[in-house]
Amino acid sequence: MLELLQYDFLQRAFIVSGLLALIMPLIGIVIVNKNISVIGDALSHSSLVGVIFGILIGINPIISTIIVCILASILIEFLRKKFPGHSSISTTIIMSASIGLASVLTDFVSGGANLEIFLFGSIVAIGPQDLKIVLVLSLVVLFFSIYYYKDLQHISFDEVSARVSGIKVEFVNFVFSVLTALTIAIASRSIGVMIVSSMLVIPVACGIQLRQSYFRTIIISSLLGLVFMFLGLVLSFYLNLKPGGTTVIIATLTLILIILFKNKK
């Protein structure tokens with residue numbers, strides 16, 4: 001594996017993968033506990049719209065993806081308030097609208113090479129400028145996830161109890177939506193927008209199967225995510241596979257093995 005680090009693009013890929021493995025469980029555990037996995041799908045489809053916009057207007061697609069994902073997360077929260085008790089409606093509306101808009105915008109994109117990089121991820125797509133953006137935004141997500149750690153933990157289990165405890169649930173939900181949007185946006189290059197939501201959930205699902213505390217589940221999920229990401233990069237490099245798809249397959253097989261081993265006890 002050390003011989004791979006002689007390549008600059010792989011160095012950047014490993015750094016980004018490590019950062020994502022660190023921050024994604026912080027978001028993923030809230031998504032799993034709140035049973036809102038569909039929000040990851042909704043924002044990942046929104047990120048595709050952002051990618052296409054970036055390509056069309058000639059700016060860094062990561063920047064345009066961040067903007068679109070944040071706007072989508074704000075709209076999800078706005079619609080969620082309009083349909084109390086039916087939170088899934090808001091995510092379904094945004095996801096459907098994003099799919100429709102993306103399908104229309106693809107007609108204006110010449111060639112599919114750049115788009116494919118974002119759809120399925122690419123280890124060679126992370127440039128020096130992208131790395132700087134990912135590093136800064138990862139630190140932002142990490143800082144606010146830690147700062148609102150107790151609030152996020154509380155609302156992930158029981159929003160009513162959190163509200164009674166004095167937590168500003170609406171505001172914390174808004175912060176969480178923005179952090180989720182940022183995480184999905186910066187993960188689009190290395191993992192791919194079509195499967196990024198899987199990596200928000202699967203490492204956490206593995207950690208939950210081990211029945212540990214909330215904090216330990218995050219740690220376990222981060223460590224597993226790191227293994228999945230790094231192993232996915234190495235195998236994709238040597239076997240000429242898509243890194244995002246390879247990573248998700250490894251993660252899914254690991255989850256299946258954990259479940260089977262657990263059931264044998």
# chains A, B, ... in the order shown; residues from 1 in each chain; ligands from 1
>>> select_by_dssp(residues="region 139-207 of chain A", states="alpha helix (DSSP H)", output="mmCIF file with N, CA and C atoms, in the first residue's frame")
data_model
loop_
_atom_site.group_PDB
_atom_site.id
_atom_site.type_symbol
_atom_site.label_atom_id
_atom_site.label_comp_id
_atom_site.auth_asym_id
_atom_site.auth_seq_id
_atom_site.Cartn_x
_atom_site.Cartn_y
_atom_site.Cartn_z
ATOM 1 N N LEU A 139 -13.617 20.064 8.092
ATOM 2 C CA LEU A 139 -13.362 20.638 9.413
ATOM 3 C C LEU A 139 -14.593 21.383 9.927
ATOM 4 N N VAL A 140 -15.320 22.042 9.005
ATOM 5 C CA VAL A 140 -16.556 22.736 9.389
ATOM 6 C C VAL A 140 -17.592 21.727 9.896
ATOM 7 N N VAL A 141 -17.777 20.638 9.142
ATOM 8 C CA VAL A 141 -18.726 19.600 9.543
ATOM 9 C C VAL A 141 -18.313 18.980 10.869
ATOM 10 N N LEU A 142 -17.022 18.703 11.019
ATOM 11 C CA LEU A 142 -16.518 18.093 12.253
ATOM 12 C C LEU A 142 -16.737 19.017 13.444
ATOM 13 N N PHE A 143 -16.431 20.301 13.271
ATOM 14 C CA PHE A 143 -16.566 21.271 14.366
ATOM 15 C C PHE A 143 -18.012 21.368 14.844
ATOM 16 N N PHE A 144 -18.940 21.564 13.915
ATOM 17 C CA PHE A 144 -20.339 21.749 14.303
ATOM 18 C C PHE A 144 -20.976 20.447 14.782
ATOM 19 N N SER A 145 -20.506 19.313 14.262
ATOM 20 C CA SER A 145 -21.020 18.020 14.740
ATOM 21 C C SER A 145 -20.609 17.794 16.190
ATOM 22 N N ILE A 146 -19.400 18.199 16.525
ATOM 23 C CA ILE A 146 -18.934 18.074 17.913
ATOM 24 C C ILE A 146 -19.604 19.119 18.804
ATOM 25 N N TYR A 147 -19.726 20.344 18.279
ATOM 26 C CA TYR A 147 -20.323 21.433 19.060
ATOM 27 C C TYR A 147 -21.779 21.114 19.429
ATOM 28 N N TYR A 149 -23.039 18.057 19.465
ATOM 29 C CA TYR A 149 -23.042 16.606 19.662
ATOM 30 C C TYR A 149 -24.209 16.142 20.538
ATOM 31 N N LYS A 150 -24.353 16.746 21.713
ATOM 32 C CA LYS A 150 -25.401 16.320 22.646
ATOM 33 C C LYS A 150 -26.793 16.628 22.100
ATOM 34 N N ASP A 151 -26.938 17.781 21.457
ATOM 35 C CA ASP A 151 -28.236 18.139 20.879
ATOM 36 C C ASP A 151 -28.624 17.178 19.752
ATOM 37 N N LEU A 152 -27.646 16.866 18.890
ATOM 38 C CA LEU A 152 -27.908 15.939 17.790
ATOM 39 C C LEU A 152 -28.240 14.548 18.313
ATOM 40 N N GLN A 153 -27.537 14.134 19.361
ATOM 41 C CA GLN A 153 -27.818 12.839 19.967
ATOM 42 C C GLN A 153 -29.234 12.801 20.527
ATOM 43 N N HIS A 154 -29.615 13.884 21.177
ATOM 44 C CA HIS A 154 -30.932 13.941 21.806
ATOM 45 C C HIS A 154 -32.049 13.911 20.766
ATOM 46 N N ILE A 155 -31.946 14.753 19.736
ATOM 47 C CA ILE A 155 -33.031 14.801 18.740
ATOM 48 C C ILE A 155 -33.064 13.546 17.885
ATOM 49 N N SER A 156 -31.946 12.828 17.820
ATOM 50 C CA SER A 156 -31.927 11.608 17.002
ATOM 51 C C SER A 156 -32.769 10.501 17.619
ATOM 52 N N PHE A 157 -32.967 10.577 18.935
ATOM 53 C CA PHE A 157 -33.764 9.559 19.622
ATOM 54 C C PHE A 157 -35.193 10.020 19.899
ATOM 55 N N GLU A 159 -37.379 13.774 19.595
ATOM 56 C CA GLU A 159 -37.473 15.216 19.414
ATOM 57 C C GLU A 159 -38.374 15.861 20.463
ATOM 58 N N VAL A 160 -39.409 15.147 20.868
ATOM 59 C CA VAL A 160 -40.325 15.702 21.866
ATOM 60 C C VAL A 160 -39.606 15.908 23.187
ATOM 61 N N SER A 161 -38.878 14.894 23.619
ATOM 62 C CA SER A 161 -38.108 15.002 24.862
ATOM 63 C C SER A 161 -37.037 16.078 24.750
ATOM 64 N N ALA A 162 -36.418 16.192 23.583
ATOM 65 C CA ALA A 162 -35.391 17.208 23.360
ATOM 66 C C ALA A 162 -35.981 18.612 23.477
ATOM 67 N N ARG A 163 -37.184 18.783 22.944
ATOM 68 C CA ARG A 163 -37.849 20.091 23.003
ATOM 69 C C ARG A 163 -38.198 20.444 24.447
ATOM 70 N N VAL A 164 -38.650 19.455 25.207
ATOM 71 C CA VAL A 164 -38.976 19.668 26.621
ATOM 72 C C VAL A 164 -37.720 20.034 27.416
ATOM 73 N N VAL A 169 -35.068 22.505 18.780
ATOM 74 C CA VAL A 169 -35.126 21.375 17.853
ATOM 75 C C VAL A 169 -35.125 21.824 16.401
ATOM 76 N N GLU A 170 -35.914 22.839 16.071
ATOM 77 C CA GLU A 170 -35.992 23.299 14.683
ATOM 78 C C GLU A 170 -34.637 23.788 14.191
ATOM 79 N N PHE A 171 -33.956 24.539 15.034
ATOM 80 C CA PHE A 171 -32.651 25.071 14.640
ATOM 81 C C PHE A 171 -31.621 23.952 14.491
ATOM 82 N N VAL A 172 -31.615 23.017 15.442
ATOM 83 C CA VAL A 172 -30.662 21.901 15.390
ATOM 84 C C VAL A 172 -30.939 21.030 14.163
ATOM 85 N N ASN A 173 -32.215 20.831 13.837
ATOM 86 C CA ASN A 173 -32.558 20.081 12.628
ATOM 87 C C ASN A 173 -32.052 20.790 11.384
ATOM 88 N N PHE A 174 -32.158 22.114 11.395
ATOM 89 C CA PHE A 174 -31.662 22.894 10.263
ATOM 90 C C PHE A 174 -30.140 22.749 10.134
ATOM 91 N N VAL A 175 -29.438 22.868 11.256
ATOM 92 C CA VAL A 175 -27.978 22.699 11.251
ATOM 93 C C VAL A 175 -27.612 21.309 10.747
ATOM 94 N N PHE A 176 -28.338 20.309 11.222
ATOM 95 C CA PHE A 176 -28.069 18.935 10.799
ATOM 96 C C PHE A 176 -28.281 18.768 9.296
ATOM 97 N N SER A 177 -29.334 19.370 8.771
ATOM 98 C CA SER A 177 -29.617 19.276 7.330
ATOM 99 C C SER A 177 -28.493 19.902 6.513
ATOM 100 N N VAL A 178 -27.992 21.046 6.968
ATOM 101 C CA VAL A 178 -26.898 21.718 6.269
ATOM 102 C C VAL A 178 -25.620 20.873 6.343
ATOM 103 N N LEU A 179 -25.334 20.303 7.511
ATOM 104 C CA LEU A 179 -24.142 19.458 7.662
ATOM 105 C C LEU A 179 -24.245 18.222 6.761
ATOM 106 N N THR A 180 -25.442 17.661 6.667
ATOM 107 C CA THR A 180 -25.659 16.519 5.775
ATOM 108 C C THR A 180 -25.429 16.918 4.329
ATOM 109 N N ALA A 181 -25.924 18.093 3.965
ATOM 110 C CA ALA A 181 -25.747 18.591 2.602
ATOM 111 C C ALA A 181 -24.271 18.792 2.283
ATOM 112 N N LEU A 182 -23.528 19.370 3.203
ATOM 113 C CA LEU A 182 -22.093 19.589 3.002
ATOM 114 C C LEU A 182 -21.356 18.256 2.851
ATOM 115 N N THR A 183 -21.692 17.302 3.706
ATOM 116 C CA THR A 183 -21.024 15.999 3.669
ATOM 117 C C THR A 183 -21.255 15.295 2.339
ATOM 118 N N ILE A 184 -22.497 15.290 1.882
ATOM 119 C CA ILE A 184 -22.819 14.641 0.609
ATOM 120 C C ILE A 184 -22.159 15.363 -0.552
ATOM 121 N N ALA A 185 -22.133 16.699 -0.489
ATOM 122 C CA ALA A 185 -21.536 17.481 -1.574
ATOM 123 C C ALA A 185 -20.052 17.199 -1.732
ATOM 124 N N ILE A 186 -19.324 17.135 -0.614
ATOM 125 C CA ILE A 186 -17.873 16.940 -0.704
ATOM 126 C C ILE A 186 -17.501 15.480 -0.957
ATOM 127 N N ALA A 187 -18.474 14.578 -0.765
ATOM 128 C CA ALA A 187 -18.186 13.159 -0.999
ATOM 129 C C ALA A 187 -18.432 12.744 -2.443
ATOM 130 N N VAL A 196 -23.364 7.654 -2.477
ATOM 131 C CA VAL A 196 -22.835 8.308 -1.282
ATOM 132 C C VAL A 196 -23.738 8.088 -0.078
ATOM 133 N N SER A 197 -25.051 8.043 -0.297
ATOM 134 C CA SER A 197 -25.968 7.840 0.825
ATOM 135 C C SER A 197 -25.760 6.477 1.489
ATOM 136 N N SER A 198 -25.299 5.493 0.710
ATOM 137 C CA SER A 198 -25.029 4.163 1.273
ATOM 138 C C SER A 198 -23.926 4.220 2.310
ATOM 139 N N MET A 199 -22.903 5.034 2.048
ATOM 140 C CA MET A 199 -21.772 5.123 2.967
ATOM 141 C C MET A 199 -22.088 5.983 4.191
ATOM 142 N N LEU A 200 -23.208 6.676 4.161
ATOM 143 C CA LEU A 200 -23.680 7.356 5.364
ATOM 144 C C LEU A 200 -24.316 6.357 6.325
ATOM 145 N N VAL A 201 -24.865 5.295 5.763
ATOM 146 C CA VAL A 201 -25.679 4.370 6.553
ATOM 147 C C VAL A 201 -24.967 3.064 6.894
ATOM 148 N N ILE A 202 -24.291 2.451 5.915
ATOM 149 C CA ILE A 202 -23.763 1.094 6.115
ATOM 150 C C ILE A 202 -22.731 0.996 7.247
ATOM 151 N N PRO A 203 -21.722 1.879 7.322
ATOM 152 C CA PRO A 203 -20.782 1.770 8.457
ATOM 153 C C PRO A 203 -21.476 1.902 9.811
ATOM 154 N N VAL A 204 -22.483 2.784 9.886
ATOM 155 C CA VAL A 204 -23.241 2.951 11.130
ATOM 156 C C VAL A 204 -24.053 1.690 11.420
ATOM 157 N N ALA A 205 -24.629 1.105 10.375
ATOM 158 C CA ALA A 205 -25.387 -0.137 10.549
ATOM 159 C C ALA A 205 -24.492 -1.246 11.095
ATOM 160 N N CYS A 206 -23.251 -1.292 10.612
ATOM 161 C CA CYS A 206 -22.279 -2.265 11.135
ATOM 162 C C CYS A 206 -22.014 -2.015 12.608
ATOM 163 N N GLY A 207 -21.830 -0.743 12.959
ATOM 164 C CA GLY A 207 -21.560 -0.395 14.351
ATOM 165 C C GLY A 207 -22.733 -0.711 15.258
#
>>> closest_residue(among="A:Leu22, A:Leu210, A:Ile94, A:Ile133", to="Phe261 (chain A)", atoms="only C-alpha atoms")
A:Leu210
>>> residues_around(residues="Asp41 (chain A)", least_positions_apart="3", cutoff="10 Å", atoms="only C-alpha atoms", output="PyMOL selection string")
chain A and resi 36-38+44-47+91-92+94-95+184+193-198
>>> write_last_selection(atoms="C-alpha atoms", output="tab-separated table (two decimals), in the first residue's frame")
chain	number	residue	atom	x	y	z
A	36	ILE	CA	-34.64	9.29	7.69
A	37	SER	CA	-32.22	7.46	5.40
A	38	VAL	CA	-34.18	8.85	2.45
A	44	SER	CA	-27.45	12.92	-3.30
A	45	HIS	CA	-29.82	13.44	-6.23
A	46	SER	CA	-29.74	17.17	-5.52
A	47	SER	CA	-25.95	17.02	-5.64
A	91	THR	CA	-37.66	14.44	1.09
A	92	THR	CA	-39.66	12.62	-1.58
A	94	ILE	CA	-37.09	17.21	-3.29
A	95	MET	CA	-35.72	13.88	-4.53
A	184	ILE	CA	-22.82	14.64	0.61
A	193	VAL	CA	-23.46	10.80	-5.95
A	194	MET	CA	-25.35	7.61	-6.77
A	195	ILE	CA	-23.98	5.69	-3.78
A	196	VAL	CA	-22.83	8.31	-1.28
A	197	SER	CA	-25.97	7.84	0.83
A	198	SER	CA	-25.03	4.16	1.27
>>> decode(residues="region 61-212 of chain A", atoms="C-alpha atoms", output="mmCIF file, in the first residue's frame")
data_model
loop_
_atom_site.group_PDB
_atom_site.id
_atom_site.type_symbol
_atom_site.label_atom_id
_atom_site.label_comp_id
_atom_site.auth_asym_id
_atom_site.auth_seq_id
_atom_site.Cartn_x
_atom_site.Cartn_y
_atom_site.Cartn_z
ATOM 1 C CA PRO A 61 -18.702 21.367 -9.551
ATOM 2 C CA ILE A 62 -17.969 20.883 -5.860
ATOM 3 C CA ILE A 63 -18.826 24.546 -5.231
ATOM 4 C CA SER A 64 -22.063 24.395 -7.212
ATOM 5 C CA THR A 65 -22.945 21.080 -5.570
ATOM 6 C CA ILE A 66 -22.492 22.560 -2.102
ATOM 7 C CA ILE A 67 -24.780 25.489 -2.975
ATOM 8 C CA VAL A 68 -27.508 23.283 -4.475
ATOM 9 C CA CYS A 69 -27.360 20.744 -1.620
ATOM 10 C CA ILE A 70 -27.664 23.459 1.019
ATOM 11 C CA LEU A 71 -30.622 24.991 -0.832
ATOM 12 C CA ALA A 72 -32.201 21.540 -1.100
ATOM 13 C CA SER A 73 -31.707 20.914 2.632
ATOM 14 C CA ILE A 74 -33.366 24.263 3.429
ATOM 15 C CA LEU A 75 -36.302 23.356 1.193
ATOM 16 C CA ILE A 76 -36.619 19.963 2.876
ATOM 17 C CA GLU A 77 -36.832 21.611 6.293
ATOM 18 C CA PHE A 78 -39.326 24.183 4.977
ATOM 19 C CA LEU A 79 -41.579 21.502 3.473
ATOM 20 C CA ARG A 80 -41.221 19.318 6.568
ATOM 21 C CA LYS A 81 -42.840 22.069 8.624
ATOM 22 C CA LYS A 82 -45.671 22.321 6.101
ATOM 23 C CA PHE A 83 -46.405 18.594 6.444
ATOM 24 C CA PRO A 84 -46.126 17.873 10.186
ATOM 25 C CA GLY A 85 -46.282 14.177 10.911
ATOM 26 C CA HIS A 86 -45.376 13.353 7.309
ATOM 27 C CA SER A 87 -41.678 14.214 7.174
ATOM 28 C CA SER A 88 -40.984 11.732 4.369
ATOM 29 C CA ILE A 89 -43.122 13.808 1.994
ATOM 30 C CA SER A 90 -40.611 16.673 1.954
ATOM 31 C CA THR A 91 -37.662 14.438 1.086
ATOM 32 C CA THR A 92 -39.657 12.615 -1.579
ATOM 33 C CA ILE A 93 -40.673 15.904 -3.213
ATOM 34 C CA ILE A 94 -37.086 17.206 -3.292
ATOM 35 C CA MET A 95 -35.719 13.877 -4.529
ATOM 36 C CA SER A 96 -38.310 13.665 -7.316
ATOM 37 C CA ALA A 97 -37.777 17.277 -8.329
ATOM 38 C CA SER A 98 -33.990 16.766 -8.354
ATOM 39 C CA ILE A 99 -34.260 13.666 -10.544
ATOM 40 C CA GLY A 100 -36.506 15.536 -12.957
ATOM 41 C CA LEU A 101 -34.289 18.611 -13.103
ATOM 42 C CA ALA A 102 -31.119 16.526 -13.479
ATOM 43 C CA SER A 103 -32.629 14.518 -16.335
ATOM 44 C CA VAL A 104 -33.540 17.727 -18.170
ATOM 45 C CA LEU A 105 -30.174 19.392 -17.582
ATOM 46 C CA THR A 106 -28.197 16.384 -18.838
ATOM 47 C CA ASP A 107 -29.422 17.210 -22.343
ATOM 48 C CA PHE A 108 -27.316 20.369 -22.195
ATOM 49 C CA VAL A 109 -24.105 18.631 -21.076
ATOM 50 C CA SER A 110 -21.736 17.776 -23.912
ATOM 51 C CA GLY A 111 -20.138 14.391 -23.307
ATOM 52 C CA GLY A 112 -20.608 12.202 -20.253
ATOM 53 C CA ALA A 113 -17.056 11.798 -18.942
ATOM 54 C CA ASN A 114 -17.182 14.567 -16.343
ATOM 55 C CA LEU A 115 -20.665 13.548 -15.240
ATOM 56 C CA GLU A 116 -19.660 9.904 -14.848
ATOM 57 C CA ILE A 117 -16.860 10.912 -12.463
ATOM 58 C CA PHE A 118 -19.440 12.346 -10.087
ATOM 59 C CA LEU A 119 -21.986 9.578 -10.603
ATOM 60 C CA PHE A 120 -19.658 6.760 -9.581
ATOM 61 C CA GLY A 121 -16.594 8.479 -8.114
ATOM 62 C CA SER A 122 -13.008 8.540 -9.339
ATOM 63 C CA ILE A 123 -9.681 8.326 -7.541
ATOM 64 C CA VAL A 124 -8.046 10.523 -10.182
ATOM 65 C CA ALA A 125 -10.665 13.287 -10.031
ATOM 66 C CA ILE A 126 -9.575 14.941 -6.783
ATOM 67 C CA GLY A 127 -7.347 17.866 -7.689
ATOM 68 C CA PRO A 128 -5.302 20.098 -5.348
ATOM 69 C CA GLN A 129 -8.058 22.735 -5.320
ATOM 70 C CA ASP A 130 -10.699 20.111 -4.567
ATOM 71 C CA LEU A 131 -8.591 18.834 -1.677
ATOM 72 C CA LYS A 132 -8.468 22.301 -0.105
ATOM 73 C CA ILE A 133 -12.243 22.667 -0.381
ATOM 74 C CA VAL A 134 -12.856 19.207 1.073
ATOM 75 C CA LEU A 135 -10.413 19.820 3.921
ATOM 76 C CA VAL A 136 -12.016 23.121 4.944
ATOM 77 C CA LEU A 137 -15.579 21.838 4.718
ATOM 78 C CA SER A 138 -14.731 18.595 6.520
ATOM 79 C CA LEU A 139 -13.362 20.638 9.413
ATOM 80 C CA VAL A 140 -16.556 22.736 9.389
ATOM 81 C CA VAL A 141 -18.726 19.600 9.543
ATOM 82 C CA LEU A 142 -16.518 18.093 12.253
ATOM 83 C CA PHE A 143 -16.566 21.271 14.366
ATOM 84 C CA PHE A 144 -20.339 21.749 14.303
ATOM 85 C CA SER A 145 -21.020 18.020 14.740
ATOM 86 C CA ILE A 146 -18.934 18.074 17.913
ATOM 87 C CA TYR A 147 -20.323 21.433 19.060
ATOM 88 C CA TYR A 148 -23.917 20.195 18.713
ATOM 89 C CA TYR A 149 -23.042 16.606 19.662
ATOM 90 C CA LYS A 150 -25.401 16.320 22.646
ATOM 91 C CA ASP A 151 -28.236 18.139 20.879
ATOM 92 C CA LEU A 152 -27.908 15.939 17.790
ATOM 93 C CA GLN A 153 -27.818 12.839 19.967
ATOM 94 C CA HIS A 154 -30.932 13.941 21.806
ATOM 95 C CA ILE A 155 -33.031 14.801 18.740
ATOM 96 C CA SER A 156 -31.927 11.608 17.002
ATOM 97 C CA PHE A 157 -33.764 9.559 19.622
ATOM 98 C CA ASP A 158 -36.676 11.744 20.732
ATOM 99 C CA GLU A 159 -37.473 15.216 19.414
ATOM 100 C CA VAL A 160 -40.325 15.702 21.866
ATOM 101 C CA SER A 161 -38.108 15.002 24.862
ATOM 102 C CA ALA A 162 -35.391 17.208 23.360
ATOM 103 C CA ARG A 163 -37.849 20.091 23.003
ATOM 104 C CA VAL A 164 -38.976 19.668 26.621
ATOM 105 C CA SER A 165 -35.322 19.746 27.677
ATOM 106 C CA GLY A 166 -34.960 23.183 26.141
ATOM 107 C CA ILE A 167 -33.202 22.205 22.935
ATOM 108 C CA LYS A 168 -34.064 24.360 19.931
ATOM 109 C CA VAL A 169 -35.126 21.375 17.853
ATOM 110 C CA GLU A 170 -35.992 23.299 14.683
ATOM 111 C CA PHE A 171 -32.651 25.071 14.640
ATOM 112 C CA VAL A 172 -30.662 21.901 15.390
ATOM 113 C CA ASN A 173 -32.558 20.081 12.628
ATOM 114 C CA PHE A 174 -31.662 22.894 10.263
ATOM 115 C CA VAL A 175 -27.978 22.699 11.251
ATOM 116 C CA PHE A 176 -28.069 18.935 10.799
ATOM 117 C CA SER A 177 -29.617 19.276 7.330
ATOM 118 C CA VAL A 178 -26.898 21.718 6.269
ATOM 119 C CA LEU A 179 -24.142 19.458 7.662
ATOM 120 C CA THR A 180 -25.659 16.519 5.775
ATOM 121 C CA ALA A 181 -25.747 18.591 2.602
ATOM 122 C CA LEU A 182 -22.093 19.589 3.002
ATOM 123 C CA THR A 183 -21.024 15.999 3.669
ATOM 124 C CA ILE A 184 -22.819 14.641 0.609
ATOM 125 C CA ALA A 185 -21.536 17.481 -1.574
ATOM 126 C CA ILE A 186 -17.873 16.940 -0.704
ATOM 127 C CA ALA A 187 -18.186 13.159 -0.999
ATOM 128 C CA SER A 188 -19.448 13.264 -4.568
ATOM 129 C CA ARG A 189 -16.008 13.157 -6.199
ATOM 130 C CA SER A 190 -14.481 10.200 -4.370
ATOM 131 C CA ILE A 191 -17.572 8.081 -3.703
ATOM 132 C CA GLY A 192 -20.058 9.178 -6.356
ATOM 133 C CA VAL A 193 -23.457 10.805 -5.954
ATOM 134 C CA MET A 194 -25.353 7.614 -6.766
ATOM 135 C CA ILE A 195 -23.979 5.689 -3.780
ATOM 136 C CA VAL A 196 -22.835 8.308 -1.282
ATOM 137 C CA SER A 197 -25.968 7.840 0.825
ATOM 138 C CA SER A 198 -25.029 4.163 1.273
ATOM 139 C CA MET A 199 -21.772 5.123 2.967
ATOM 140 C CA LEU A 200 -23.680 7.356 5.364
ATOM 141 C CA VAL A 201 -25.679 4.370 6.553
ATOM 142 C CA ILE A 202 -23.763 1.094 6.115
ATOM 143 C CA PRO A 203 -20.782 1.770 8.457
ATOM 144 C CA VAL A 204 -23.241 2.951 11.130
ATOM 145 C CA ALA A 205 -25.387 -0.137 10.549
ATOM 146 C CA CYS A 206 -22.279 -2.265 11.135
ATOM 147 C CA GLY A 207 -21.560 -0.395 14.351
ATOM 148 C CA ILE A 208 -25.141 -0.733 15.584
ATOM 149 C CA GLN A 209 -25.001 -4.513 15.090
ATOM 150 C CA LEU A 210 -22.215 -4.627 17.678
ATOM 151 C CA ARG A 211 -24.581 -3.077 20.263
ATOM 152 C CA GLN A 212 -22.307 -0.429 21.723
#
